[in-house]
Structures are given as C-alpha cells and as structure tokens.
file structure_25.txt (compact mmCIF, C-alpha atoms and all ligand atoms)
# COMPACT_ATOMS: atom_id res chain seq x y z
CA MET C 1 21.27 10.63 21.23
CA ILE C 2 23.13 9.73 18.10
CA SER C 3 24.83 12.62 16.44
CA LEU C 4 24.84 12.48 12.70
CA SER C 5 26.97 13.88 10.04
CA VAL C 6 25.19 12.91 6.91
CA GLU C 7 26.24 13.98 3.49
CA TYR C 8 24.37 12.48 0.63
CA THR C 9 27.22 12.32 -1.78
CA ARG C 10 27.29 9.63 -4.40
CA THR C 11 30.37 8.01 -3.01
CA ARG C 12 30.35 4.32 -2.36
CA SER C 13 31.37 4.51 1.25
CA LEU C 14 29.15 7.04 2.87
CA GLN C 15 29.92 6.88 6.54
CA PHE C 16 27.60 7.62 9.33
CA GLU C 17 29.33 8.87 12.43
CA MET C 18 27.44 7.02 15.08
CA SER C 19 29.00 9.14 17.78
CA ARG C 20 31.66 11.77 17.66
CA SER C 21 33.33 10.42 20.76
CA GLU C 22 33.33 6.90 19.35
CA SER C 23 36.89 6.07 18.47
CA LYS C 24 36.43 2.49 17.31
CA PRO C 25 35.25 2.51 13.72
CA LEU C 26 32.33 0.20 13.10
CA PRO C 27 32.86 -2.53 10.55
CA PRO C 28 32.19 -1.09 7.09
CA LYS C 29 29.36 -3.54 6.46
CA ASN C 30 27.33 -1.85 9.16
CA THR C 31 28.02 1.72 8.24
CA GLU C 32 27.48 1.81 4.54
CA LEU C 33 24.24 2.69 2.94
CA SER C 34 23.40 0.82 -0.23
CA ASP C 35 24.06 2.59 -3.52
CA GLN C 36 20.34 2.62 -4.23
CA THR C 37 19.54 4.41 -0.98
CA ILE C 38 22.31 6.96 -1.56
CA TRP C 39 21.08 7.65 -5.09
CA MET C 40 17.46 7.88 -3.96
CA LEU C 41 18.26 10.31 -1.14
CA ALA C 42 20.31 12.43 -3.56
CA VAL C 43 17.28 12.51 -5.87
CA ARG C 44 14.94 13.32 -2.99
CA ASP C 45 17.02 15.94 -1.23
CA GLU C 46 19.22 17.41 -3.98
CA ARG C 47 17.12 16.70 -7.10
CA ASP C 48 20.31 15.12 -8.41
CA LYS C 49 19.89 14.02 -12.03
CA ALA C 50 23.13 12.05 -12.16
CA ALA C 51 21.91 10.00 -9.19
CA PHE C 52 18.60 9.54 -10.98
CA ALA C 53 20.49 8.24 -14.03
CA GLU C 54 22.19 5.68 -11.76
CA LEU C 55 18.81 4.60 -10.38
CA PHE C 56 17.56 4.28 -13.94
CA ASP C 57 20.50 2.10 -14.95
CA PHE C 58 19.87 -0.20 -12.01
CA PHE C 59 16.10 -0.40 -12.02
CA ALA C 60 14.91 0.14 -15.62
CA PRO C 61 16.11 -3.23 -17.03
CA ARG C 62 14.83 -5.06 -13.94
CA LEU C 63 11.50 -3.27 -14.13
CA LYS C 64 11.21 -4.16 -17.79
CA GLY C 65 11.98 -7.82 -17.11
CA PHE C 66 9.60 -7.81 -14.14
CA ILE C 67 6.74 -6.27 -16.14
CA MET C 68 7.27 -8.54 -19.15
CA ARG C 69 7.04 -11.61 -16.92
CA SER C 70 3.28 -11.06 -16.72
CA GLY C 71 2.88 -11.14 -20.47
CA THR C 72 3.23 -7.45 -21.31
CA SER C 73 4.84 -6.60 -24.67
CA SER C 74 8.29 -5.05 -24.78
CA ALA C 75 6.93 -1.75 -26.09
CA GLN C 76 4.23 -1.46 -23.43
CA ALA C 77 6.65 -2.53 -20.72
CA GLU C 78 8.93 0.35 -21.71
CA GLU C 79 6.01 2.76 -21.49
CA ILE C 80 5.34 1.55 -17.96
CA VAL C 81 9.06 1.78 -17.08
CA GLN C 82 9.03 5.38 -18.30
CA ASP C 83 5.93 6.14 -16.21
CA VAL C 84 7.39 4.46 -13.14
CA MET C 85 10.75 6.21 -13.37
CA LEU C 86 9.11 9.62 -13.85
CA THR C 87 6.92 8.89 -10.83
CA VAL C 88 10.06 8.01 -8.83
CA TRP C 89 11.45 11.46 -9.69
CA ARG C 90 8.23 13.31 -8.95
CA LYS C 91 7.20 11.47 -5.80
CA ALA C 92 10.70 11.31 -4.34
CA PRO C 93 9.70 13.45 -1.31
CA MET C 94 7.47 10.56 -0.22
CA PHE C 95 10.35 8.10 -0.03
CA ASP C 96 11.17 7.31 3.61
CA PRO C 97 14.31 5.20 4.10
CA HIS C 98 13.34 4.61 7.75
CA ARG C 99 10.40 2.49 6.62
CA ALA C 100 11.27 1.15 3.20
CA GLN C 101 13.99 0.03 0.87
CA VAL C 102 14.19 1.78 -2.49
CA SER C 103 13.24 -1.47 -4.26
CA ALA C 104 10.13 -1.88 -2.07
CA TRP C 105 9.03 1.68 -2.81
CA ILE C 106 9.61 1.32 -6.55
CA TYR C 107 7.90 -2.08 -6.53
CA GLN C 108 4.68 -0.51 -5.24
CA ILE C 109 4.85 2.33 -7.75
CA ALA C 110 5.34 -0.20 -10.56
CA ARG C 111 2.40 -2.38 -9.48
CA ASN C 112 0.18 0.70 -9.07
CA ARG C 113 1.02 2.00 -12.55
CA HIS C 114 0.48 -1.41 -14.07
CA ILE C 115 -3.01 -1.65 -12.54
CA ASP C 116 -3.86 1.99 -13.35
CA ILE C 117 -3.10 1.36 -17.02
CA ARG C 118 -5.08 -1.87 -17.10
CA ARG C 119 -8.11 -0.37 -15.35
CA LYS C 120 -7.73 3.13 -16.81
CA GLU C 121 -8.24 4.67 -13.38
CA ASN C 122 -6.17 5.28 -10.28
CA ARG C 123 -6.19 2.40 -7.88
CA PRO C 124 -7.10 3.18 -4.28
CA VAL C 125 -4.06 3.93 -2.13
CA PRO C 126 -3.80 4.65 1.60
CA GLU C 127 -3.41 8.20 2.88
CA GLU C 128 0.22 9.22 2.42
CA LEU C 129 2.36 10.15 5.41
CA ILE C 130 4.96 12.67 4.32
CA GLU C 131 7.80 13.87 6.46
CA ASP C 132 8.73 17.51 6.63
CA PRO C 133 11.69 18.05 4.26
CA GLY C 134 14.87 18.65 6.19
CA THR C 135 13.94 16.43 9.13
CA GLU C 136 17.09 14.93 10.61
CA PRO C 137 17.47 11.35 9.44
CA ASP C 138 18.08 8.57 11.96
CA ALA C 139 21.09 6.74 10.59
CA SER C 140 20.83 3.76 12.90
CA GLN C 141 17.22 3.16 11.89
CA ILE C 142 18.06 3.44 8.18
CA MET C 143 20.95 1.01 8.59
CA ALA C 144 18.84 -1.41 10.62
CA MET C 145 16.10 -1.28 7.99
CA GLN C 146 18.64 -2.13 5.32
CA GLN C 147 20.08 -5.00 7.34
CA GLU C 148 16.62 -6.40 7.95
CA ALA C 149 15.93 -6.35 4.21
CA GLY C 150 19.23 -8.18 3.73
CA GLN C 151 18.08 -10.88 6.16
CA LEU C 152 14.82 -11.21 4.30
CA LYS C 153 16.71 -11.55 1.03
CA GLN C 154 18.70 -14.41 2.53
CA ALA C 155 15.55 -16.08 3.78
CA LEU C 156 14.04 -15.79 0.30
CA ALA C 157 17.16 -17.36 -1.23
CA GLN C 158 16.97 -20.27 1.20
CA LEU C 159 13.42 -21.26 0.30
CA ASN C 160 12.99 -24.27 -1.93
CA THR C 161 12.36 -23.65 -5.62
CA LYS C 162 8.63 -24.30 -5.42
CA GLN C 163 8.12 -21.90 -2.51
CA ARG C 164 10.20 -19.22 -4.19
CA GLU C 165 8.26 -19.56 -7.43
CA MET C 166 4.98 -19.17 -5.55
CA ILE C 167 6.26 -16.01 -3.91
CA GLU C 168 7.44 -14.59 -7.22
CA LYS C 169 4.06 -15.36 -8.77
CA ALA C 170 2.19 -13.79 -5.87
CA TYR C 171 4.14 -10.53 -5.96
CA LEU C 172 4.17 -10.37 -9.75
CA GLY C 173 0.38 -10.31 -9.58
CA ASP C 174 -0.21 -13.78 -11.00
CA LEU C 175 -2.17 -15.13 -8.02
CA THR C 176 -5.52 -14.12 -6.56
CA HIS C 177 -5.68 -13.50 -2.83
CA GLN C 178 -7.45 -16.83 -2.42
CA GLN C 179 -4.47 -18.52 -4.08
CA ILE C 180 -1.93 -16.79 -1.86
CA SER C 181 -1.26 -18.81 1.24
CA GLU C 182 -1.00 -17.21 4.65
CA GLN C 183 2.13 -19.32 5.04
CA THR C 184 4.68 -17.93 2.62
CA GLY C 185 7.59 -19.57 4.42
CA LEU C 186 9.12 -16.13 4.85
CA PRO C 187 9.76 -14.78 8.36
CA LEU C 188 8.14 -11.35 8.10
CA GLY C 189 7.96 -10.69 11.84
CA THR C 190 11.32 -9.00 12.29
CA ILE C 191 11.05 -6.71 9.28
CA LYS C 192 7.60 -5.72 10.49
CA SER C 193 9.05 -4.68 13.88
CA ARG C 194 11.67 -2.62 12.06
CA ILE C 195 9.17 -0.92 9.76
CA ARG C 196 6.99 -0.27 12.81
CA LEU C 197 9.84 1.65 14.46
CA GLY C 198 10.26 3.70 11.30
CA LEU C 199 6.54 4.45 11.28
CA GLU C 200 6.53 5.42 14.96
CA ARG C 201 9.45 7.76 14.31
CA LEU C 202 7.49 9.40 11.48
CA ARG C 203 4.37 9.70 13.64
CA ARG C 204 6.46 11.50 16.28
CA GLU C 205 7.88 13.85 13.64
CA LEU C 206 4.44 14.58 12.21
CA LYS C 207 3.06 15.25 15.68
CA GLY C 208 5.94 17.62 16.36
CA LEU C 209 4.90 19.67 13.35
CA ARG C 210 1.46 20.44 14.69
CA MET O 1 -5.93 3.50 16.84
CA SER O 2 -4.76 0.91 19.32
CA ALA O 3 -8.40 -0.02 19.74
CA ILE O 4 -8.53 -1.69 16.32
CA THR O 5 -8.71 -5.44 16.88
CA HIS O 6 -9.87 -6.83 13.51
CA HIS O 7 -7.24 -6.55 10.79
CA ILE O 8 -6.45 -7.48 7.18
CA PRO O 9 -5.14 -11.04 6.72
CA ASP O 10 -1.60 -11.27 5.33
CA ALA O 11 -2.64 -13.00 2.10
CA MET O 12 -5.03 -10.17 1.35
CA LEU O 13 -2.34 -7.55 2.03
CA ALA O 14 0.05 -9.37 -0.30
CA ALA O 15 -2.64 -9.41 -3.00
CA TYR O 16 -3.31 -5.72 -2.38
CA ALA O 17 0.40 -4.88 -2.78
CA ALA O 18 0.55 -6.97 -5.96
CA GLY O 19 -2.62 -5.34 -7.26
CA THR O 20 -4.66 -8.51 -7.67
CA LEU O 21 -7.39 -7.66 -5.19
CA PRO O 22 -10.69 -6.67 -6.86
CA HIS O 23 -11.15 -2.89 -7.04
CA ALA O 24 -14.00 -2.80 -4.50
CA PHE O 25 -11.88 -4.62 -1.90
CA SER O 26 -8.91 -2.36 -2.59
CA VAL O 27 -10.98 0.68 -1.57
CA VAL O 28 -11.71 -0.98 1.78
CA VAL O 29 -8.15 -2.26 2.31
CA ALA O 30 -6.62 1.15 1.47
CA SER O 31 -9.13 2.76 3.87
CA HIS O 32 -8.29 0.37 6.70
CA ILE O 33 -4.55 0.92 6.21
CA SER O 34 -5.17 4.67 6.39
CA LEU O 35 -6.60 4.11 9.89
CA CYS O 36 -4.35 1.26 11.08
CA ASP O 37 -0.59 1.44 11.62
CA GLN O 38 -0.36 -2.30 12.23
CA CYS O 39 -1.61 -3.08 8.73
CA ARG O 40 0.38 -0.19 7.20
CA THR O 41 3.44 -1.84 8.72
CA ALA O 42 2.46 -5.28 7.43
CA LEU O 43 1.90 -3.82 3.96
CA GLY O 44 5.44 -2.43 4.17
CA ALA O 45 6.73 -5.96 4.80
CA HIS O 46 4.93 -7.24 1.69
CA GLN O 47 6.29 -4.34 -0.33
CA ALA O 48 9.76 -5.31 0.91
CA VAL O 49 9.27 -8.84 -0.45
CA GLY O 50 7.94 -7.40 -3.72
CA GLY O 51 11.02 -5.20 -3.87
CA LEU O 52 13.26 -8.23 -3.49
CA VAL O 53 11.41 -10.01 -6.30
CA LEU O 54 11.89 -6.88 -8.43
CA GLU O 55 15.60 -6.70 -7.58
CA GLY O 56 15.98 -10.35 -8.53
CA ALA O 57 14.06 -10.07 -11.81
CA ASP O 58 15.93 -10.96 -14.98
CA SER O 59 17.10 -7.74 -16.61
CA VAL O 60 15.78 -7.01 -20.08
CA GLY O 61 17.67 -4.33 -21.99
CA VAL O 62 15.77 -1.10 -22.62
CA SER O 63 15.85 0.92 -25.85
CA GLY O 64 18.88 3.14 -26.17
CA ASN O 65 16.86 6.36 -26.18
CA LEU O 66 14.62 5.56 -23.18
CA LYS O 67 17.01 7.02 -20.62
CA THR O 68 17.70 10.25 -22.52
CA ASP O 69 13.95 10.60 -23.20
CA ILE O 70 13.16 10.35 -19.50
CA LEU O 71 16.02 12.58 -18.39
CA ALA O 72 14.76 15.21 -20.85
CA GLN O 73 11.32 15.10 -19.22
CA LEU O 74 12.42 15.59 -15.62
CA ASP O 75 11.92 19.34 -15.68
CA ASP O 76 8.65 19.24 -17.59
CA PRO O 77 5.78 20.88 -15.74
CA TYR O 78 3.18 18.40 -14.56
CA THR O 79 0.03 18.46 -12.50
CA PRO O 80 0.28 16.22 -9.46
CA GLU O 81 -2.76 14.02 -8.88
CA PRO O 82 -4.98 15.61 -6.26
CA MET O 83 -4.34 14.09 -2.84
CA TYR O 84 -7.37 13.31 -0.77
CA ASP O 85 -7.04 13.54 2.99
CA ARG O 86 -9.36 12.30 5.65
CA LEU O 87 -12.58 14.29 5.85
CA GLY O 88 -14.35 13.79 9.16
CA ILE O 89 -14.90 10.06 9.53
CA TYR O 90 -14.06 9.29 5.91
CA PRO O 91 -10.51 8.08 5.14
CA GLY O 92 -8.63 9.39 2.08
CA PRO O 93 -9.56 6.55 -0.29
CA VAL O 94 -13.26 7.21 0.44
CA THR O 95 -13.02 11.01 0.09
CA LYS O 96 -11.28 10.34 -3.21
CA VAL O 97 -14.27 8.35 -4.50
CA LEU O 98 -16.61 11.03 -3.09
CA LYS O 99 -14.36 13.63 -4.77
CA GLY O 100 -14.25 15.53 -1.49
CA GLY O 101 -18.05 15.79 -1.22
CA GLU O 102 -20.63 14.32 1.13
CA PRO O 103 -22.20 10.89 0.61
CA ARG O 104 -25.49 10.92 -1.30
CA TRP O 105 -27.58 8.70 0.93
CA LYS O 106 -30.48 6.71 -0.45
CA THR O 107 -33.02 5.24 1.95
CA LEU O 108 -33.32 1.46 2.05
CA GLY O 109 -36.07 1.35 4.66
CA MET O 110 -36.07 0.94 8.47
CA GLY O 111 -33.78 3.96 8.72
CA VAL O 112 -31.00 2.17 6.87
CA ARG O 113 -29.34 4.20 4.11
CA GLN O 114 -26.68 3.51 1.54
CA ASP O 115 -24.54 5.28 -1.02
CA ILE O 116 -23.16 3.02 -3.75
CA LEU O 117 -19.66 4.28 -4.51
CA SER O 118 -19.00 1.92 -7.37
CA ALA O 119 -20.62 -1.17 -8.78
CA SER O 120 -19.57 -3.43 -11.58
CA ARG O 121 -19.62 -7.08 -12.52
CA GLU O 122 -16.57 -7.75 -10.38
CA GLY O 123 -18.11 -6.30 -7.24
CA SER O 124 -19.42 -3.22 -5.50
CA VAL O 125 -18.46 -0.91 -2.69
CA ARG O 126 -20.88 1.25 -0.77
CA LEU O 127 -21.37 3.23 2.41
CA LEU O 128 -24.01 1.97 4.82
CA TYR O 129 -25.76 4.00 7.51
CA ILE O 130 -27.46 1.98 10.23
CA PRO O 131 -29.35 3.66 13.10
CA PRO O 132 -28.46 2.51 16.62
CA GLY O 133 -30.21 -0.71 17.61
CA GLN O 134 -31.16 -1.43 14.02
CA ALA O 135 -30.14 -4.75 12.51
CA VAL O 136 -28.62 -4.79 9.10
CA PRO O 137 -31.12 -7.06 7.38
CA ASP O 138 -30.17 -10.67 7.85
CA HIS O 139 -28.08 -11.41 4.84
CA SER O 140 -25.94 -14.26 3.71
CA HIS O 141 -23.14 -13.95 1.24
CA ASN O 142 -22.63 -15.16 -2.28
CA GLY O 143 -18.97 -14.34 -2.23
CA LEU O 144 -16.71 -12.39 0.04
CA GLU O 145 -17.74 -9.24 1.88
CA LEU O 146 -15.45 -6.76 3.66
CA THR O 147 -17.01 -4.34 6.11
CA LEU O 148 -15.00 -1.50 7.67
CA VAL O 149 -16.55 0.53 10.50
CA LEU O 150 -16.09 4.31 10.11
CA GLN O 151 -18.42 5.51 12.88
CA GLY O 152 -20.17 3.89 15.82
CA SER O 153 -19.99 0.12 16.08
CA PHE O 154 -21.91 -3.04 15.33
CA SER O 155 -22.04 -6.46 16.90
CA ASP O 156 -22.89 -9.83 15.48
CA GLU O 157 -22.49 -13.49 16.33
CA THR O 158 -18.70 -13.21 15.89
CA GLY O 159 -18.02 -10.18 18.07
CA ARG O 160 -18.04 -6.40 18.29
CA PHE O 161 -16.64 -4.17 15.56
CA GLY O 162 -15.68 -0.58 16.35
CA VAL O 163 -14.15 2.25 14.32
CA GLY O 164 -11.35 0.91 12.13
CA ASP O 165 -12.29 -2.74 12.59
CA LEU O 166 -12.64 -4.86 9.48
CA GLU O 167 -15.04 -7.78 9.29
CA ILE O 168 -14.53 -10.40 6.61
CA GLY O 169 -17.58 -12.45 5.74
CA ASP O 170 -17.88 -15.35 3.35
CA GLU O 171 -20.40 -18.03 2.46
CA SER O 172 -19.96 -19.71 5.82
CA LEU O 173 -20.89 -16.59 7.79
CA HIS O 174 -24.59 -16.26 8.55
CA HIS O 175 -24.79 -13.28 10.80
CA THR O 176 -27.08 -10.51 11.94
CA PRO O 177 -24.97 -7.42 12.38
CA THR O 178 -26.75 -4.94 14.65
CA ALA O 179 -25.68 -1.35 15.22
CA ASP O 180 -24.82 -0.74 18.86
CA ALA O 181 -26.37 2.03 20.94
CA GLY O 182 -24.83 5.47 20.51
CA ASP O 183 -23.93 7.08 17.20
CA PRO O 184 -25.43 5.63 14.04
CA CYS O 185 -23.09 3.05 12.60
CA ILE O 186 -21.50 4.04 9.29
CA CYS O 187 -19.61 1.33 7.40
CA LEU O 188 -17.75 0.94 4.17
CA ALA O 189 -18.78 -2.39 2.69
CA ALA O 190 -17.46 -4.16 -0.37
CA THR O 191 -18.49 -7.40 -1.96
CA ASP O 192 -17.40 -9.37 -5.00
CA ALA O 193 -20.95 -10.63 -5.61
CA PRO O 194 -24.51 -9.32 -5.21
CA LEU O 195 -25.81 -9.64 -1.65
CA ARG O 196 -28.82 -11.85 -1.06
CA PHE O 197 -31.04 -10.18 1.44
CA ASN O 198 -33.14 -12.75 3.26
CA ALA O 199 -35.45 -10.27 4.86
CA PHE O 200 -37.05 -6.89 4.29
CA MET O 201 -36.37 -6.59 0.64
CA PRO O 202 -37.91 -8.78 -1.99
CA ARG O 203 -35.25 -10.36 -4.14
CA LEU O 204 -36.90 -8.97 -7.27
CA LEU O 205 -36.08 -5.47 -6.13
CA GLN O 206 -32.41 -6.17 -5.84
CA PRO O 207 -31.41 -5.14 -9.37
CA LEU O 208 -33.20 -1.83 -8.75
CA PHE O 209 -31.13 -1.12 -5.68
CA LYS O 210 -27.97 -2.58 -7.09
CA ILE O 211 -27.06 -4.41 -3.92
ZN ZN L 1 -5.18 -3.36 10.69
call {"tool": "encode", "arguments": {"input": "structure_25.txt", "output": "structure tokens"}}
result
Amino acid sequence: MISLSVEYTRTRSLQFEMSRSESKPLPPKNTELSDQTIWMLAVRDERDKAAFAELFDFFAPRLKGFIMRSGTSSAQAEEIVQDVMLTVWRKAPMFDPHRAQVSAWIYQIARNRHIDIRRKENRPVPEELIEDPGTEPDASQIMAMQQEAGQLKQALAQLNTKQREMIEKAYLGDLTHQQISEQTGLPLGTIKSRIRLGLERLRRELKGLR
Amino acid sequence: MSAITHHIPDAMLAAYAAGTLPHAFSVVVASHISLCDQCRTALGAHQAVGGLVLEGADSVGVSGNLKTDILAQLDDPYTPEPMYDRLGIYPGPVTKVLKGGEPRWKTLGMGVRQDILSASREGSVRLLYIPPGQAVPDHSHNGLELTLVLQGSFSDETGRFGVGDLEIGDESLHHTPTADAGDPCICLAATDAPLRFNAFMPRLLQPLFKI
C-alpha cells in the first residue's frame, strides 16, 4: 500500500511520498504533478480562486483560439470561454485526475458548450460518476495517467503533417463521423488501459460507499 | 456489464467527443457509455487527444476584463442543471429525455409499441417495445441506424444482442431482428433517415407514424 502525503499547494514541485521508508528519492520528472493538475485540484478541493486564475491564464487564450478555428467570431468565442471557465469552477467536483488530464476534461466541457449554444439545448451526456469528496487520491495512478498523456503528446507530435491536421480537424468538430478514419495513427491502447485502471478504482470507491 | 459484446466504433466515439454526431445518435451513444465501461474508457482516450489539440491550439488574447468578470461571478448563486440517473432499465440520457417519467407507448400493431423521443429532419430517436418471439418488421435502412438493447434481447442474421449491446445498421444490412424468448425486448433506436418498412405498414402511413 502506498502511503501518501498530499498537499495541494500551488508550488511547482509538489512531491508525492511514494513510501515513507523509501530513502532513494525518485527522479523529479516522475514525482511532479503538472501545474494544471495542481491548480485544478486546488480549485476542486479548496475552492482556490488564485489557482482558478492560473487555470484561466493558461486555458482561456487557448480555448479562444481553439473555438475561433471553427469560424466563431471573437466576441462569441469569448462568451463560450466565459461559459466554459465558469463550468470548470462549478463542476470541479467531477474532475477525476485518475482518469483524465485537465485539458481532456476542459476539452469536453468546451465541445459540449459549443454544441449546446448551436443547438440551443443540452447535448446528451453519459451518466456522471462522482467520487465522494475526501477520498484518498492514488498518487501513482495520477502520475501514471499524466505520463501516459505525455506519451500520447509525443506520438501526436511525431505524426506527419497531414495526419496531424486530420486529427486536429476531427477533434475541432470539422469532420463527420463518416469522415473520421478508424485509423488515426495514434496508439490509444496504452492510455485506454490507464484510464481503465482509473475507472476501476472509482468503481471500487463507489461500491465502498454503498 | 462484462456481457456487453457489441460496442461503439472508435470513429463514432471521436465524433461524439467532438460533438459532430447527429443529436439522435448522441442520445444512443451517451446511453451506451452509461452502461459500458469499455466505451467510457475509450471515450476518455478520445477526450485526451482532444485535450492535447486544445493545449496545442494557437493562443488568441482575451479581452482585458474577461478574467475579472469571471472571477467576480464565481460566488454568484446558480441552479445546477438537473442530473438524471438511471431509472429502472432506462439510462440517464433516456430518463433526461423522458424528464424522469415513463415512456408513452403508442401501438404499432402485432404487439409492437414505440415512443418517439425526438424527431427532426436530421434524424429521430425512439424507444421500441417488441414482444418475445415477435419480429421487428423486416426493414431496410435509408441511412444509418443505431439500436441499443435496454431489456431482453433480439437476434438477427448478424448475431444476438443483449442488454447494453449496440447494433449498427446501414444500407448494406438487410436483417430481421426478432425478440428472443423471455422478457419483451425494449430498445433505444436512432436513425438519421426515415425507416422504410417493407412489411406490415403501408408506406403511405409512414408520415403519420413518423418513423
Ligand atoms: Zn461499449
């Protein structure tokens, strides 16, 4: 059993103690959570507005650029950014770092809001699985999730320009499902296994509550 | 849950994450994911890719007051959207359309019933109730049809579909789905085009029944 001493402070080098008896420090690369995850957990667990401001500074300009890519005006894009960032604040308890990166979670919120506004109704979403607040996080799973996302990022960077453009188009919402190929060129198998472990952990926690 | 053997193809999950799937199909996909951890996991992988595309997007500067505006709204009271949970056999996305109520079945004949949840030019989604042993009238497809089993099971030329299984039919699929013995089979079915029933209902009646 891994013993954890987790403090969600907004310091750059949040350390997870993998084991109290462990004397060899792990290389920093493997023991640091990303800034985004630290900010998001501070928002989720501490309702920390300064951390939210950091998330805003990182994501708002990217969200605006992302939304404008599909032909939305600057003014409307900012309205959507505002909506998305408020949703991030309000739905923070649903963020689960064992199953998702902050950017993945915000991506889905942004796409949902975009569609809601276009269709003027809420788009269908799966039943939410929400962990009991205060459940002990599993640092090794969170770190592994982050590393897996890093691998995926590398794989994305290594695709040729044409493949990468197709992927950007697909996830920006510029392709129909018939136009999206089953073969994206991205190895999704390993990140799926990792997300699956995060989901199984959550299922165990939810079962324990009953 | 481990019994689910027919899942959502990756391209469809990617389109669902990106929001480009027609509304009727999204109801079915969201319902299947509610029942299926394998597809919930796969959706997570597509969201991860979407997140990377978002992270890599060119930044466009936001208005100077946007941040202070939002920070000022954080403590505003707001009404969370109602969350719809599973109700009996119906997954959250279906109970949401039903607004927590029961389906309003309309008889189609031969014991088959339906409740049209939504219908528009871009497609329709409905619940179907098929008594055991009864064939869903032989139909071929104009476009794409997704059928998710919520109760009982049906079999056709391509195999057996139990609770949680998703069948994807297109123009090339000419099948005769038949409800298996046991409980009546209840399905959630979506199509992006009107169905052409070959038997048991004159084509002229179709507009009346909106199928
Ligand atoms: Zn599935």
call {"tool": "interface_residues", "arguments": {"input": "structure_25.txt", "of": "chain O", "to": "chain C", "cutoff": "7 Å", "atoms": "all atoms listed in the file", "output": "compact mmCIF listing (two decimals) with C-alpha atoms, in the coordinates of the input"}}
result
# COMPACT_ATOMS: atom_id res chain seq x y z
CA ASP O 10 -1.60 -11.27 5.33
CA ALA O 11 -2.64 -13.00 2.10
CA MET O 12 -5.03 -10.17 1.35
CA ALA O 15 -2.64 -9.41 -3.00
CA ALA O 17 0.40 -4.88 -2.78
CA ALA O 18 0.55 -6.97 -5.96
CA GLY O 19 -2.62 -5.34 -7.26
CA THR O 20 -4.66 -8.51 -7.67
CA LEU O 21 -7.39 -7.66 -5.19
CA SER O 26 -8.91 -2.36 -2.59
CA VAL O 27 -10.98 0.68 -1.57
CA ALA O 30 -6.62 1.15 1.47
CA SER O 31 -9.13 2.76 3.87
CA ILE O 33 -4.55 0.92 6.21
CA SER O 34 -5.17 4.67 6.39
CA THR O 41 3.44 -1.84 8.72
CA ALA O 42 2.46 -5.28 7.43
CA GLY O 44 5.44 -2.43 4.17
CA ALA O 45 6.73 -5.96 4.80
CA GLN O 47 6.29 -4.34 -0.33
CA ALA O 48 9.76 -5.31 0.91
CA GLY O 50 7.94 -7.40 -3.72
CA GLY O 51 11.02 -5.20 -3.87
CA LEU O 52 13.26 -8.23 -3.49
CA VAL O 53 11.41 -10.01 -6.30
CA LEU O 54 11.89 -6.88 -8.43
CA GLU O 55 15.60 -6.70 -7.58
CA ALA O 57 14.06 -10.07 -11.81
CA ASP O 58 15.93 -10.96 -14.98
CA SER O 59 17.10 -7.74 -16.61
CA VAL O 60 15.78 -7.01 -20.08
CA GLY O 61 17.67 -4.33 -21.99
CA VAL O 62 15.77 -1.10 -22.62
CA ILE O 70 13.16 10.35 -19.50
CA ASP O 85 -7.04 13.54 2.99
CA GLY O 92 -8.63 9.39 2.08
CA PRO O 93 -9.56 6.55 -0.29
call {"tool": "closest_residue", "arguments": {"input": "structure_25.txt", "among": "O:Leu71, O:Pro82, O:Leu148, O:Leu87", "to": "ligand ZN 1 (chain L)", "atoms": "only C-alpha atoms and all ligand atoms"}}
result
O:Leu148
call {"tool": "residues_near_ligand", "arguments": {"input": "structure_25.txt", "ligand": "ligand ZN 1 (chain L)", "cutoff": "10 Å", "atoms": "only C-alpha atoms and all ligand atoms", "output": "PyMOL selection string"}}
result
chain O and resi 1-2+4-9+29+31-43+164-166
call {"tool": "residues_around", "arguments": {"input": "structure_25.txt", "residues": "O:Phe154", "least_positions_apart": "2", "cutoff": "8 Å", "atoms": "all atoms listed in the file", "output": "PyMOL selection string"}}
result
chain O and resi 152+156+160-162+177-180+185
call {"tool": "write_last_selection", "arguments": {"input": "structure_25.txt", "atoms": "C-alpha atoms", "output": "short mmCIF file (atom, residue, chain, number, x, y, z; two decimals), keeping the file's coordinate frame"}}
result
data_model
loop_
_atom_site.label_atom_id
_atom_site.label_comp_id
_atom_site.auth_asym_id
_atom_site.auth_seq_id
_atom_site.Cartn_x
_atom_site.Cartn_y
_atom_site.Cartn_z
CA GLY O 152 -20.17 3.89 15.82
CA ASP O 156 -22.89 -9.83 15.48
CA ARG O 160 -18.04 -6.40 18.29
CA PHE O 161 -16.64 -4.17 15.56
CA GLY O 162 -15.68 -0.58 16.35
CA PRO O 177 -24.97 -7.42 12.38
CA THR O 178 -26.75 -4.94 14.65
CA ALA O 179 -25.68 -1.35 15.22
CA ASP O 180 -24.82 -0.74 18.86
CA CYS O 185 -23.09 3.05 12.60
#
call {"tool": "atom_distance", "arguments": {"input": "structure_25.txt", "atom1": "atom CA of C:Pro133", "atom2": "atom CA of O:Val97"}}
result
29.1 Å
call {"tool": "residues_near_point", "arguments": {"input": "structure_25.txt", "point": "(-18.3, -10.6, -8.4)", "cutoff": "9 Å", "atoms": "all atoms listed in the file", "output": "MDAnalysis selection string"}}
result
chainID O and resid 22 120:124 142:144 191:194
call {"tool": "closest_residue", "arguments": {"input": "structure_25.txt", "among": "O:Ile168, O:Val49, O:Met83, O:Ala24", "to": "O:Ser118", "atoms": "all atoms listed in the file"}}
result
O:Ala24
call {"tool": "atom_distance", "arguments": {"input": "structure_25.txt", "atom1": "atom CA of C:Met40", "atom2": "atom CA of C:Phe95"}}
result
8.1 Å
call {"tool": "decode", "arguments": {"input": "structure_25.txt", "residues": "stretch 71-78 of chain C", "atoms": "N, CA, C and O atoms", "output": "CSV table (one decimal), in the first residue's frame"}}
result
chain,number,residue,atom,x,y,z
C,71,GLY,N,-14.5,29.0,-37.0
C,71,GLY,CA,-15.2,30.1,-37.6
C,71,GLY,C,-16.1,30.9,-36.7
C,71,GLY,O,-17.0,31.6,-37.2
C,72,THR,N,-15.9,30.8,-35.4
C,72,THR,CA,-16.7,31.5,-34.5
C,72,THR,C,-16.1,32.9,-34.3
C,72,THR,O,-14.8,33.0,-34.3
C,73,SER,N,-16.9,34.0,-34.2
C,73,SER,CA,-16.4,35.3,-34.0
C,73,SER,C,-15.7,35.5,-32.7
C,73,SER,O,-15.9,34.7,-31.7
C,74,SER,N,-14.8,36.5,-32.6
C,74,SER,CA,-14.1,36.7,-31.4
C,74,SER,C,-15.0,37.0,-30.2
C,74,SER,O,-14.8,36.4,-29.1
C,75,ALA,N,-16.0,37.7,-30.4
C,75,ALA,CA,-17.0,38.1,-29.3
C,75,ALA,C,-17.7,36.8,-28.8
C,75,ALA,O,-17.8,36.6,-27.6
C,76,GLN,N,-18.2,36.0,-29.8
C,76,GLN,CA,-18.9,34.8,-29.4
C,76,GLN,C,-17.9,33.8,-28.7
C,76,GLN,O,-18.3,33.1,-27.8
C,77,ALA,N,-16.7,33.7,-29.3
C,77,ALA,CA,-15.7,32.8,-28.7
C,77,ALA,C,-15.5,33.2,-27.2
C,77,ALA,O,-15.4,32.3,-26.3
C,78,GLU,N,-15.4,34.5,-26.9
C,78,GLU,CA,-15.2,34.9,-25.5
C,78,GLU,C,-16.4,34.6,-24.6
C,78,GLU,O,-16.2,34.2,-23.5
